[in-house]
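Visitor: Just one file: protein09.csv, with CSV, C-alpha atoms and all ligand atoms.
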```csv
chain,number,residue,atom,x,y,z
A,1,MET,CA,62.6,-52.5,-114.8
A,2,LYS,CA,60.1,-49.7,-115.5
A,3,LEU,CA,57.0,-49.2,-113.3
A,4,ILE,CA,54.2,-46.8,-113.8
A,5,HIS,CA,52.4,-45.8,-110.5
A,6,ILE,CA,48.9,-44.4,-110.7
A,7,VAL,CA,47.5,-41.8,-108.3
A,8,GLY,CA,44.2,-40.0,-108.9
A,9,ALA,CA,42.2,-39.2,-105.8
A,10,ARG,CA,43.1,-38.0,-102.3
A,11,PRO,CA,43.3,-41.4,-100.6
A,12,ASN,CA,45.9,-42.6,-103.2
A,13,PHE,CA,48.7,-40.1,-102.3
A,14,MET,CA,49.5,-41.4,-98.9
A,15,LYS,CA,49.7,-44.9,-100.2
A,16,ALA,CA,52.0,-44.1,-103.2
A,17,ALA,CA,54.5,-41.9,-101.2
A,18,PRO,CA,55.9,-44.7,-99.0
A,19,LEU,CA,56.2,-47.2,-101.9
A,20,LEU,CA,58.0,-44.7,-104.2
A,21,ARG,CA,60.5,-44.0,-101.3
A,22,ALA,CA,61.0,-47.7,-100.7
A,23,LEU,CA,61.6,-48.4,-104.4
A,24,ALA,CA,64.1,-45.5,-104.7
A,25,VAL,CA,66.8,-47.7,-103.1
A,26,TYR,CA,66.7,-50.2,-106.0
A,27,PRO,CA,68.7,-48.5,-108.9
A,28,HIS,CA,67.4,-51.0,-111.5
A,29,VAL,CA,63.8,-49.9,-110.9
A,30,GLN,CA,62.7,-46.8,-112.8
A,31,ASN,CA,59.5,-45.2,-111.5
A,32,LEU,CA,57.1,-43.0,-113.4
A,33,LEU,CA,54.2,-41.3,-111.6
A,34,VAL,CA,51.0,-40.7,-113.4
A,35,HIS,CA,48.2,-38.5,-111.9
A,36,THR,CA,44.9,-39.1,-113.6
A,37,GLY,CA,43.6,-35.8,-112.4
A,38,GLN,CA,40.4,-37.3,-110.8
A,39,HIS,CA,41.1,-34.9,-107.9
A,40,TYR,CA,42.4,-31.5,-109.0
A,41,ASP,CA,41.7,-28.9,-106.3
A,42,GLU,CA,44.7,-27.5,-104.5
A,43,ASN,CA,43.4,-28.9,-101.2
A,44,MET,CA,42.4,-32.2,-102.6
A,45,SER,CA,45.6,-32.9,-104.4
A,46,ASP,CA,48.6,-30.4,-104.5
A,47,VAL,CA,48.9,-30.0,-100.8
A,48,PHE,CA,49.4,-33.8,-100.4
A,49,PHE,CA,52.5,-33.8,-102.7
A,50,ASP,CA,54.1,-31.2,-100.4
A,51,ASP,CA,53.1,-32.8,-97.1
A,52,LEU,CA,54.1,-36.3,-98.2
A,53,HIS,CA,57.2,-35.3,-100.2
A,54,LEU,CA,55.7,-37.0,-103.1
A,55,PRO,CA,57.5,-36.3,-106.4
A,56,ARG,CA,55.5,-34.2,-108.9
A,57,PRO,CA,53.7,-36.4,-111.4
A,58,ASP,CA,55.6,-37.2,-114.6
A,59,ILE,CA,52.3,-37.2,-116.5
A,60,ASN,CA,48.9,-35.6,-115.6
A,61,LEU,CA,45.9,-37.0,-117.5
A,62,GLY,CA,43.7,-34.1,-116.4
A,63,VAL,CA,40.5,-36.1,-116.4
A,64,GLY,CA,38.6,-34.2,-113.7
A,65,SER,CA,35.1,-35.0,-112.5
A,66,GLY,CA,32.1,-36.7,-114.2
A,67,SER,CA,29.7,-39.6,-113.9
A,68,HIS,CA,31.3,-43.0,-113.0
A,69,ALA,CA,31.2,-44.0,-116.7
A,70,GLU,CA,32.6,-40.7,-118.0
A,71,GLN,CA,35.4,-40.6,-115.4
A,72,THR,CA,36.5,-44.2,-115.8
A,73,ALA,CA,36.3,-44.0,-119.6
A,74,ASN,CA,38.2,-40.7,-119.8
A,75,VAL,CA,41.0,-42.2,-117.6
A,76,MET,CA,41.2,-45.2,-119.9
A,77,LEU,CA,41.2,-43.2,-123.1
A,78,ARG,CA,44.0,-41.0,-121.8
A,79,PHE,CA,46.1,-43.7,-120.2
A,80,GLU,CA,46.3,-46.1,-123.1
A,81,PRO,CA,48.6,-43.9,-125.2
A,82,VAL,CA,50.9,-43.4,-122.1
A,83,LEU,CA,51.3,-47.2,-121.8
A,84,LEU,CA,51.9,-47.6,-125.6
A,85,GLU,CA,54.6,-44.9,-125.4
A,86,HIS,CA,56.4,-45.9,-122.2
A,87,LYS,CA,55.9,-49.7,-122.4
A,88,PRO,CA,56.4,-50.3,-118.7
A,89,ASP,CA,57.0,-53.7,-117.1
A,90,GLY,CA,54.2,-53.1,-114.6
A,91,VAL,CA,51.5,-50.8,-113.6
A,92,VAL,CA,51.0,-50.2,-109.8
A,93,VAL,CA,47.5,-49.2,-108.7
A,94,PHE,CA,46.4,-48.2,-105.2
A,95,GLY,CA,43.1,-48.7,-103.3
A,96,ASP,CA,39.7,-48.6,-104.8
A,97,VAL,CA,39.0,-45.3,-106.7
A,98,ASN,CA,37.8,-45.1,-110.2
A,99,SER,CA,41.3,-44.3,-111.5
A,100,THR,CA,42.5,-47.6,-109.9
A,101,ILE,CA,40.1,-49.8,-111.9
A,102,ALA,CA,40.4,-47.7,-115.1
A,103,CYS,CA,44.2,-48.0,-115.3
A,104,ALA,CA,44.2,-51.7,-114.2
A,105,LEU,CA,41.8,-52.5,-117.1
A,106,VAL,CA,43.9,-50.7,-119.7
A,107,ALA,CA,47.1,-52.3,-118.5
A,108,ALA,CA,45.6,-55.8,-118.4
A,109,LYS,CA,44.3,-55.6,-122.0
A,110,LEU,CA,47.8,-54.6,-123.1
A,111,HIS,CA,49.2,-57.6,-121.3
A,112,ILE,CA,51.1,-55.4,-118.9
A,113,PRO,CA,51.3,-56.9,-115.3
A,114,VAL,CA,49.0,-55.1,-112.8
A,115,VAL,CA,50.1,-54.7,-109.2
A,116,HIS,CA,47.4,-53.9,-106.7
A,117,VAL,CA,48.4,-52.3,-103.4
A,118,GLU,CA,45.7,-52.6,-100.7
A,119,ALA,CA,44.2,-55.7,-102.4
A,120,GLY,CA,41.6,-58.0,-100.9
A,121,VAL,CA,39.7,-55.5,-98.7
A,122,ARG,CA,36.0,-56.1,-99.0
A,123,SER,CA,32.8,-54.5,-97.6
A,124,PHE,CA,30.7,-57.1,-99.4
A,125,ASP,CA,28.4,-54.2,-100.4
A,126,ARG,CA,28.1,-53.9,-104.2
A,127,MET,CA,26.1,-50.7,-103.8
A,128,MET,CA,29.4,-49.0,-103.0
A,129,PRO,CA,31.2,-48.1,-106.3
A,130,GLU,CA,34.5,-48.7,-104.5
A,131,GLU,CA,33.6,-52.4,-103.8
A,132,ILE,CA,33.1,-52.9,-107.6
A,133,ASN,CA,36.5,-51.3,-108.2
A,134,ARG,CA,38.1,-53.5,-105.6
A,135,VAL,CA,36.8,-56.8,-106.8
A,136,LEU,CA,37.5,-56.1,-110.5
A,137,THR,CA,41.0,-54.7,-109.8
A,138,ASP,CA,41.9,-57.8,-107.8
A,139,ALA,CA,40.6,-60.1,-110.6
A,140,LEU,CA,42.9,-58.3,-113.1
A,141,ALA,CA,45.9,-58.0,-110.9
A,142,ASP,CA,49.0,-60.2,-111.3
A,143,LEU,CA,50.2,-59.3,-107.8
A,144,CYS,CA,47.9,-58.5,-104.9
A,145,PHE,CA,49.5,-56.9,-101.9
A,146,THR,CA,47.1,-57.1,-98.9
A,147,PRO,CA,46.9,-55.1,-95.7
A,148,SER,CA,45.6,-57.9,-93.5
A,149,ARG,CA,45.2,-61.7,-93.3
A,150,GLU,CA,41.5,-61.2,-93.6
A,151,ALA,CA,42.1,-59.6,-97.0
A,152,ASN,CA,44.2,-62.7,-98.1
A,153,ASP,CA,41.2,-64.9,-97.2
A,154,ASN,CA,38.8,-62.7,-99.2
A,155,LEU,CA,41.1,-63.1,-102.3
A,156,ARG,CA,41.3,-66.9,-101.8
A,157,ARG,CA,37.5,-67.2,-101.6
A,158,GLU,CA,37.3,-65.3,-105.0
A,159,GLY,CA,39.7,-67.9,-106.5
A,160,ILE,CA,42.7,-65.7,-106.8
A,161,ALA,CA,45.8,-67.9,-107.1
A,162,GLU,CA,47.9,-68.3,-104.0
A,163,GLU,CA,51.1,-67.2,-105.7
A,164,LYS,CA,49.6,-63.8,-106.5
A,165,ILE,CA,48.8,-63.0,-102.9
A,166,HIS,CA,51.3,-61.2,-100.7
A,167,PHE,CA,50.5,-60.1,-97.1
A,168,ALA,CA,52.4,-56.8,-96.9
A,169,GLY,CA,50.7,-54.8,-94.2
A,170,ASN,CA,49.1,-51.4,-94.5
A,171,VAL,CA,51.0,-48.8,-96.6
A,172,MET,CA,48.9,-46.0,-95.2
A,173,VAL,CA,50.3,-46.7,-91.8
A,174,ASP,CA,53.8,-46.3,-93.2
A,175,ALA,CA,52.9,-42.8,-94.3
A,176,LEU,CA,51.3,-42.1,-90.9
A,177,LEU,CA,54.3,-43.3,-88.9
A,178,GLU,CA,56.7,-41.3,-91.0
A,179,ALA,CA,54.7,-38.1,-90.7
A,180,ALA,CA,53.5,-38.4,-87.1
A,181,ALA,CA,56.3,-36.4,-85.5
A,182,ILE,CA,56.2,-33.5,-87.9
A,183,ALA,CA,52.4,-33.5,-87.8
A,184,SER,CA,52.3,-33.2,-84.0
A,185,GLN,CA,54.2,-29.9,-84.2
A,186,ARG,CA,51.4,-28.3,-86.2
A,187,GLU,CA,48.9,-27.9,-83.3
A,188,SER,CA,46.2,-27.5,-85.9
A,189,TRP,CA,43.5,-27.2,-83.2
A,190,THR,CA,44.7,-23.7,-82.2
A,191,ARG,CA,43.3,-22.4,-85.5
A,192,TRP,CA,39.8,-22.7,-83.9
A,193,ASN,CA,40.9,-22.0,-80.3
A,194,LEU,CA,40.5,-25.6,-79.3
A,195,HIS,CA,42.5,-27.8,-77.0
A,196,PRO,CA,43.8,-31.4,-77.2
A,197,GLN,CA,41.0,-33.8,-76.3
A,198,GLY,CA,38.5,-30.9,-76.2
A,199,TYR,CA,37.0,-31.4,-79.7
A,200,ALA,CA,35.7,-34.0,-82.1
A,201,VAL,CA,36.4,-34.3,-85.9
A,202,THR,CA,34.0,-35.4,-88.6
A,203,THR,CA,34.2,-36.1,-92.3
A,204,LEU,CA,31.4,-37.1,-94.7
A,205,HIS,CA,31.7,-37.8,-98.4
A,206,ARG,CA,30.3,-41.2,-99.3
A,207,ALA,CA,27.7,-41.1,-102.0
A,208,ALA,CA,25.4,-43.2,-99.7
A,209,ASN,CA,25.5,-40.5,-97.0
A,210,VAL,CA,25.7,-37.2,-99.0
A,211,ASP,CA,23.8,-37.8,-102.2
A,212,ASP,CA,20.4,-38.3,-100.6
A,213,PRO,CA,19.2,-35.0,-99.1
A,214,ALA,CA,17.2,-36.8,-96.3
A,215,THR,CA,20.2,-38.9,-95.1
A,216,LEU,CA,22.5,-35.9,-95.3
A,217,ALA,CA,20.0,-33.7,-93.3
A,218,ARG,CA,19.6,-36.4,-90.7
A,219,LEU,CA,23.4,-36.7,-90.3
A,220,LEU,CA,23.8,-32.9,-90.1
A,221,SER,CA,21.1,-32.6,-87.4
A,222,THR,CA,22.8,-35.4,-85.4
A,223,LEU,CA,26.1,-33.7,-85.6
A,224,SER,CA,24.5,-30.4,-84.5
A,225,ILE,CA,23.1,-32.1,-81.4
A,226,LEU,CA,26.5,-33.6,-80.6
A,227,ALA,CA,28.2,-30.3,-81.2
A,228,ILE,CA,26.4,-28.8,-78.2
A,229,ARG,CA,28.3,-31.3,-76.0
A,230,ILE,CA,31.7,-31.0,-77.8
A,231,PRO,CA,32.9,-28.8,-80.6
A,232,ILE,CA,33.2,-30.6,-83.9
A,233,VAL,CA,35.6,-29.6,-86.7
A,234,PHE,CA,34.1,-30.6,-90.0
A,235,PRO,CA,36.4,-30.3,-93.1
A,236,ILE,CA,34.0,-30.4,-96.0
A,237,HIS,CA,34.7,-32.5,-99.0
A,238,PRO,CA,33.8,-30.7,-102.3
A,239,ARG,CA,31.1,-33.3,-103.1
A,240,THR,CA,29.5,-32.7,-99.7
A,241,ALA,CA,29.8,-28.9,-100.0
A,242,LYS,CA,28.0,-29.1,-103.4
A,243,ARG,CA,25.2,-31.3,-101.9
A,244,LEU,CA,24.7,-29.0,-98.9
A,245,VAL,CA,24.3,-26.0,-101.2
A,246,GLU,CA,21.9,-27.8,-103.5
A,247,SER,CA,19.7,-29.1,-100.7
A,248,GLY,CA,19.8,-25.9,-98.5
A,249,ILE,CA,20.5,-28.0,-95.4
A,250,PRO,CA,21.4,-25.6,-92.5
A,251,THR,CA,25.0,-25.9,-91.2
A,252,ASP,CA,25.2,-23.0,-88.8
A,253,ALA,CA,24.8,-25.0,-85.6
A,254,PRO,CA,26.6,-23.8,-82.4
A,255,GLY,CA,29.8,-25.8,-82.0
A,256,LEU,CA,29.8,-27.2,-85.5
A,257,ILE,CA,32.9,-25.7,-87.2
A,258,LEU,CA,32.9,-26.1,-91.0
A,259,THR,CA,36.2,-25.7,-92.8
A,260,GLU,CA,37.8,-26.4,-96.2
A,261,PRO,CA,39.4,-29.9,-96.7
A,262,LEU,CA,42.7,-30.0,-94.8
A,263,GLY,CA,46.1,-31.2,-96.0
A,264,TYR,CA,47.6,-34.5,-94.8
A,265,LEU,CA,49.7,-33.1,-91.9
A,266,ASP,CA,47.1,-30.7,-90.6
A,267,PHE,CA,44.4,-33.4,-90.6
A,268,LEU,CA,46.6,-36.0,-89.1
A,269,CYS,CA,47.5,-33.6,-86.3
A,270,LEU,CA,43.9,-32.6,-85.7
A,271,MET,CA,42.8,-36.3,-85.6
A,272,SER,CA,45.6,-37.3,-83.2
A,273,GLN,CA,44.3,-35.1,-80.4
A,274,ALA,CA,40.6,-35.5,-81.0
A,275,LYS,CA,38.4,-37.0,-78.3
A,276,LEU,CA,36.6,-38.8,-81.0
A,277,VAL,CA,36.3,-39.0,-84.8
A,278,LEU,CA,33.0,-39.6,-86.8
A,279,SER,CA,33.5,-40.4,-90.4
A,280,ASP,CA,32.5,-42.4,-93.4
A,281,SER,CA,36.0,-42.5,-94.8
A,282,GLY,CA,37.8,-45.8,-95.4
A,283,GLY,CA,41.3,-44.5,-94.5
A,284,ILE,CA,40.3,-42.7,-91.4
A,285,GLN,CA,39.3,-46.1,-89.8
A,286,SER,CA,42.8,-47.3,-90.1
A,287,GLU,CA,44.4,-44.0,-89.1
A,288,THR,CA,42.3,-43.6,-85.9
A,289,SER,CA,43.0,-47.2,-85.0
A,290,MET,CA,46.8,-46.5,-85.3
A,291,LEU,CA,46.5,-43.3,-83.3
A,292,GLY,CA,44.4,-44.9,-80.6
A,293,VAL,CA,41.6,-42.4,-81.2
A,294,PRO,CA,37.9,-43.6,-80.9
A,295,CYS,CA,36.2,-43.7,-84.3
A,296,LEU,CA,32.5,-44.0,-85.1
A,297,THR,CA,32.1,-45.1,-88.7
A,298,LEU,CA,28.9,-43.6,-90.2
A,299,ARG,CA,28.3,-46.5,-92.5
A,300,ALA,CA,26.4,-49.8,-92.4
A,301,ASN,CA,29.4,-51.9,-93.2
A,302,THR,CA,33.2,-51.6,-93.6
A,303,GLU,CA,35.9,-53.1,-95.8
A,304,TRP,CA,38.3,-52.6,-92.8
A,305,GLY,CA,37.0,-55.3,-90.5
A,306,VAL,CA,40.3,-55.6,-88.7
A,307,THR,CA,39.8,-52.1,-87.3
A,308,LEU,CA,36.5,-53.3,-85.6
A,309,THR,CA,38.1,-56.5,-84.2
A,310,GLU,CA,41.5,-55.0,-83.2
A,311,GLY,CA,41.3,-51.3,-83.5
A,312,THR,CA,39.2,-48.4,-82.1
A,313,ASN,CA,36.5,-48.5,-84.7
A,314,ILE,CA,32.7,-48.9,-84.1
A,315,LEU,CA,30.2,-49.1,-86.9
A,316,VAL,CA,27.2,-46.9,-86.2
A,317,GLY,CA,25.5,-46.4,-89.5
A,318,ASP,CA,23.3,-43.3,-89.9
A,319,ASP,CA,20.8,-43.8,-87.0
A,320,PRO,CA,20.9,-40.7,-84.9
A,321,GLU,CA,20.2,-42.5,-81.6
A,322,ARG,CA,22.9,-45.0,-82.1
A,323,ILE,CA,25.5,-42.3,-83.1
A,324,LEU,CA,24.7,-40.1,-80.1
A,325,ALA,CA,24.6,-43.1,-77.7
A,326,GLU,CA,28.1,-44.3,-78.8
A,327,ALA,CA,29.5,-40.8,-78.8
A,328,ASP,CA,28.2,-40.2,-75.3
A,329,LYS,CA,30.0,-43.4,-74.1
A,330,ILE,CA,33.2,-42.1,-75.5
A,331,LEU,CA,32.7,-38.7,-73.9
A,332,ARG,CA,32.2,-40.4,-70.6
A,333,GLY,CA,35.6,-42.1,-71.1
A,334,GLU,CA,34.2,-45.5,-72.0
A,335,SER,CA,36.3,-46.1,-75.1
A,336,ARG,CA,38.1,-49.2,-76.4
A,337,GLN,CA,41.9,-49.1,-76.5
A,338,GLY,CA,42.5,-51.5,-79.4
A,339,ARG,CA,45.8,-52.9,-80.5
A,340,ARG,CA,48.0,-52.5,-83.6
A,341,PRO,CA,47.1,-55.1,-86.3
A,342,GLU,CA,49.7,-57.4,-87.6
A,343,PHE,CA,52.2,-55.8,-90.1
A,344,TRP,CA,50.8,-52.3,-89.4
A,345,ASP,CA,54.4,-51.4,-88.5
A,346,GLY,CA,55.7,-48.9,-91.0
A,347,GLN,CA,57.4,-51.6,-93.1
A,348,ALA,CA,54.6,-52.5,-95.6
A,349,ALA,CA,56.1,-50.5,-98.5
A,350,GLN,CA,59.5,-52.1,-98.0
A,351,ARG,CA,58.0,-55.6,-98.2
A,352,ILE,CA,56.2,-54.6,-101.4
A,353,ALA,CA,59.3,-53.1,-102.9
A,354,LYS,CA,61.4,-56.1,-102.1
A,355,VAL,CA,59.0,-58.4,-104.0
A,356,LEU,CA,58.7,-56.0,-107.0
A,357,ALA,CA,62.5,-55.4,-107.2
A,358,LYS,CA,63.2,-59.2,-107.4
A,359,ARG,CA,60.9,-59.8,-110.4
A,401,LIG,C1,36.5,-40.4,-104.6
A,401,LIG,C2,36.5,-42.0,-104.5
A,401,LIG,C3,36.3,-42.4,-103.1
A,401,LIG,C4,37.3,-41.7,-102.1
A,401,LIG,C5,37.2,-40.2,-102.3
A,401,LIG,C6,38.2,-39.4,-101.5
A,401,LIG,C7,35.6,-43.1,-106.5
A,401,LIG,C8,34.5,-43.9,-107.0
A,401,LIG,N1,35.5,-42.5,-105.3
A,401,LIG,O1,35.2,-40.0,-104.2
A,401,LIG,O2,36.5,-43.8,-102.9
A,401,LIG,O3,37.0,-42.0,-100.8
A,401,LIG,O4,37.5,-39.9,-103.7
A,401,LIG,O5,38.0,-38.1,-101.6
A,401,LIG,O6,36.7,-43.0,-107.1
A,401,LIG,N2,35.5,-32.5,-106.6
A,401,LIG,C9,36.0,-31.2,-106.6
A,401,LIG,N3,37.4,-31.1,-106.7
A,401,LIG,C10,38.2,-32.2,-106.6
A,401,LIG,C11,37.6,-33.5,-106.6
A,401,LIG,C12,36.2,-33.6,-106.6
A,401,LIG,O7,35.3,-30.2,-106.6
A,401,LIG,O8,39.4,-32.0,-106.6
A,401,LIG,C13,34.0,-32.6,-106.6
A,401,LIG,C14,33.3,-32.6,-107.9
A,401,LIG,O9,32.1,-32.0,-107.9
A,401,LIG,C15,33.1,-34.1,-108.2
A,401,LIG,C16,32.8,-34.6,-106.8
A,401,LIG,O10,33.6,-33.8,-105.9
A,401,LIG,O11,32.1,-34.3,-109.1
A,401,LIG,C17,33.1,-36.0,-106.6
A,401,LIG,O12,34.5,-36.3,-107.0
A,401,LIG,P1,34.9,-37.8,-107.4
A,401,LIG,O13,36.3,-37.9,-107.7
A,401,LIG,O14,33.9,-38.2,-108.5
A,401,LIG,O15,34.5,-38.7,-106.2
A,401,LIG,P2,34.8,-38.5,-104.6
A,401,LIG,O16,33.5,-38.3,-104.0
A,401,LIG,O17,35.8,-37.5,-104.3
```
Will you turn the file into C-alpha cells for me?
Guide:
Amino acid sequence: MKLIHIVGARPNFMKAAPLLRALAVYPHVQNLLVHTGQHYDENMSDVFFDDLHLPRPDINLGVGSGSHAEQTANVMLRFEPVLLEHKPDGVVVFGDVNSTIACALVAAKLHIPVVHVEAGVRSFDRMMPEEINRVLTDALADLCFTPSREANDNLRREGIAEEKIHFAGNVMVDALLEAAAIASQRESWTRWNLHPQGYAVTTLHRAANVDDPATLARLLSTLSILAIRIPIVFPIHPRTAKRLVESGIPTDAPGLILTEPLGYLDFLCLMSQAKLVLSDSGGIQSETSMLGVPCLTLRANTEWGVTLTEGTNILVGDDPERILAEADKILRGESRQGRRPEFWDGQAAQRIAKVLAKR
C-alpha cells in the first residue's frame, strides 16, 4: 500500500512526524512525503525536520506564498501530476492549512481516498480561512481521524457517515510527549537571561489579529503594559513581522523581547517553564494544556473547545482590559490546573496507523 503524506506549513510537521514513525513498523506500507512549500523559511520549515526527526520530503512542490486563491491553486496544479505519476492508495492530509484542502481536493477528484488527521475540529467561524479548509476537507475525506469526542459530534452533525469517523486522539500530543525530555535540556530561557516561571511567552499570526493595523496596535500596546509586570518573549511570525513594518507600530517596549520564530524544541522548552502564554495559535492551546501552563487565547472563539473545558486555556479575545485582568490573576497564582483530555496520551498516531495498515 502506498500513502502520500502532505505537509506544507509549520503546524503540519509535528503532526506528520509521529504518524510516519508509527507507520514505519508496517512493512507493507510505503510512505512518500510531499512538502508543498507553503512555508519555506529555514525557521518556519527546515528546523522542524531536524527537531522532529522527520525524513526529508521526497517531493517539494515549492509553491511559496500568495493570496489564498493563488496559493491553493498553485498547490493543486503542482500536486496533480505527482498523484498521476505515483498513483497512491491514499493521500494523508493534516490540520487546516491551505495545503490541506488543496491536496484533498486534487486527490478526491482523482478518486484517491483522502485521510484527514485532526478532523472534526470546529471554531464555527467562517471568517477564519482555516474553518473553511476544515469543513471542506472533512467533506471530502474517506477517513476522518479526530482528536476529541467533541470533534466526532461535529462531524456527525455535518452528516459525515459514522464508519468514516475514528476517534484517535491528538497526534500533536504524541510529538510533544516524545520530545519533552530532550526539549527540557535546552534551557532556552537562558538566551535572554530569564528564569523558569519568570517570564511569559506570546505569539500572534492570525489574519484577524495582525492584518488590521488598529487591532495589531491594540494588542501590542496591551503586551507592552503586561511586559512591565513580567518579561514577555515574542517570537515573531514572518506575516506579523511584515505587518509591523508596514504599519510602523512601535515594538521597543521595556520587557518585550522580540525574536525570530523558534524551532520546535526551543519553543516547547520555553513554553514549558513560562508563567503564562498568550497566543492566537491553534496548536499552542493543546500544547499548553498538556504542559499544565496557563494559556490566554487572543481570539473570540476556538476550534479547541476541549482545552477550555478540560485544559488550561481561557479565551480572552483582543480586549485589553480582559487580557490584563486574566493575566493578573495568573500572575497572582490563581490559575486553573486542568486535566489531560481523553486519548491525549501519546498513542494517537499508533491508533491511526493501525486503522490505515489494515485497509
Ligand atoms: C498558515 C496557516 C495557518 C497556520 C500558520 C502557521 C493557512 C490559511 N494558514 O498561516 O492556519 O496557523 O500557517 O504558521 O494555511 N511567510 C514567510 N516565510 C514562510 C512562510 C510565510 O515569509 O516560510 C510570510 C509571507 O509573507 C506570507 C505570510 O507569511 O505571505 C503568510 O504565510 P501563509 O502561508 O500564507 O500563511 P500563515 O499566516 O503562515
Visitor: List as a ChimeraX atom specification: which residues have an atom within 7 Å of (39.5, -59.1, -93.6), counting all atoms listed in the file?
Guide: /A:121,148-151,154,304-306
Visitor: Could the residues that lie within 8 Å of ligand LIG 401 (chain A), counting all atoms listed in the file, be listed as a ChimeraX atom specification?
Guide: /A:9-11,38-45,64-68,71,96-100,129-130,133,205-207,237-240,242,281-282
Visitor: I need the residue nearest Leu143 of chain A from this list: A:Leu219, A:Leu356, A:Ala73, A:Ala253. Use only C-alpha atoms for the distance.
Guide: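 Smallest distance to Leu143 of chain A is found for A:Leu356.
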Visitor: Counting all atoms listed in the file, write as a PyMOL selection string all protein and nucleic acid residues lying at most 8 Å from (54.0, -51.8, -88.8) in the file's frame.
Guide: chain A and resi 169-170+173-174+340+342-348
Visitor: Of the residues A:Glu321, A:Glu85, A:Glu246, A:Glu287, which is the one nearest to Met14 of chain A, using all atoms listed in the file?
Guide: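 Checking each of A:Glu321, A:Glu85, A:Glu246, A:Glu287 against Met14 of chain A, counting all atoms listed in the file, the winner is A:Glu287.
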Visitor: To one decimal place in Å, what is the distance between atom CA of Glu178 of chain A and atom CA of Asp50 of chain A?
Guide: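 Taking atom CA of Glu178 of chain A and atom CA of Asp50 of chain A, their separation equals 14.0 Å.
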Visitor: What is the distance between atom CA of Gln185 of chain A and atom CA of Tyr264 of chain A, in Å to one decimal?
Guide: 13.3 Å
Visitor: Under the rule that only C-alpha atoms are counted, which of A:Ala119, A:Leu52, A:Leu32, A:Ile330 is the nearest residue to His86 of chain A?
Guide: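 Checking each of A:Ala119, A:Leu52, A:Leu32, A:Ile330 against His86 of chain A, counting only C-alpha atoms, the winner is A:Leu32.
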Visitor: What does the distance from atom CA of Ile236 of chain A to atom CA of Thr307 of chain A come to in Å, to one decimal?
Guide: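 Going from atom CA of Ile236 of chain A over to atom CA of Thr307 of chain A, I get 24.1 Å.
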Visitor: For Val75 of chain A, which of A:Val135, A:Ile6, A:Met172, A:Leu140 is the closest residue, counting all atoms listed in the file?
Guide: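 Among A:Val135, A:Ile6, A:Met172, A:Leu140, it is A:Ile6 that comes nearest to Val75 of chain A.
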Visitor: Generate a file for segment 199-203 of chain A, containing all heavy atoms, as a tab-separated table (two decimals), in the first residue's frame.
Guide:
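Generated output (selection.tsv):
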```tsv
chain	number	residue	atom	x	y	z
A	199	TYR	N	8.88	34.49	33.29
A	199	TYR	CA	8.61	35.16	32.02
A	199	TYR	C	7.30	34.63	31.41
A	199	TYR	O	6.79	33.58	31.83
A	199	TYR	CB	9.77	34.93	31.03
A	199	TYR	CG	9.97	33.48	30.70
A	199	TYR	CD1	9.32	32.86	29.64
A	199	TYR	CD2	10.81	32.68	31.49
A	199	TYR	CE1	9.49	31.52	29.36
A	199	TYR	CE2	10.99	31.33	31.22
A	199	TYR	CZ	10.33	30.75	30.15
A	199	TYR	OH	10.47	29.42	29.88
A	200	ALA	N	6.78	35.39	30.45
A	200	ALA	CA	5.63	34.94	29.66
A	200	ALA	C	6.10	34.75	28.22
A	200	ALA	O	7.17	35.22	27.83
A	200	ALA	CB	4.51	35.97	29.73
A	201	VAL	N	5.28	34.04	27.43
A	201	VAL	CA	5.59	33.84	26.00
A	201	VAL	C	4.36	34.26	25.21
A	201	VAL	O	3.23	33.99	25.64
A	201	VAL	CB	5.89	32.35	25.70
A	201	VAL	CG1	6.09	32.12	24.21
A	201	VAL	CG2	7.12	31.88	26.48
A	202	THR	N	4.58	34.93	24.09
A	202	THR	CA	3.44	35.28	23.25
A	202	THR	C	3.72	34.97	21.78
A	202	THR	O	4.87	35.00	21.35
A	202	THR	CB	3.05	36.76	23.44
A	202	THR	OG1	1.74	36.97	22.91
A	202	THR	CG2	3.99	37.70	22.72
A	203	THR	N	2.67	34.60	21.04
A	203	THR	CA	2.77	34.51	19.57
A	203	THR	C	1.49	35.08	18.98
A	203	THR	O	0.42	34.98	19.59
A	203	THR	CB	2.94	33.06	19.05
A	203	THR	OG1	1.69	32.37	19.11
A	203	THR	CG2	4.01	32.28	19.80
```
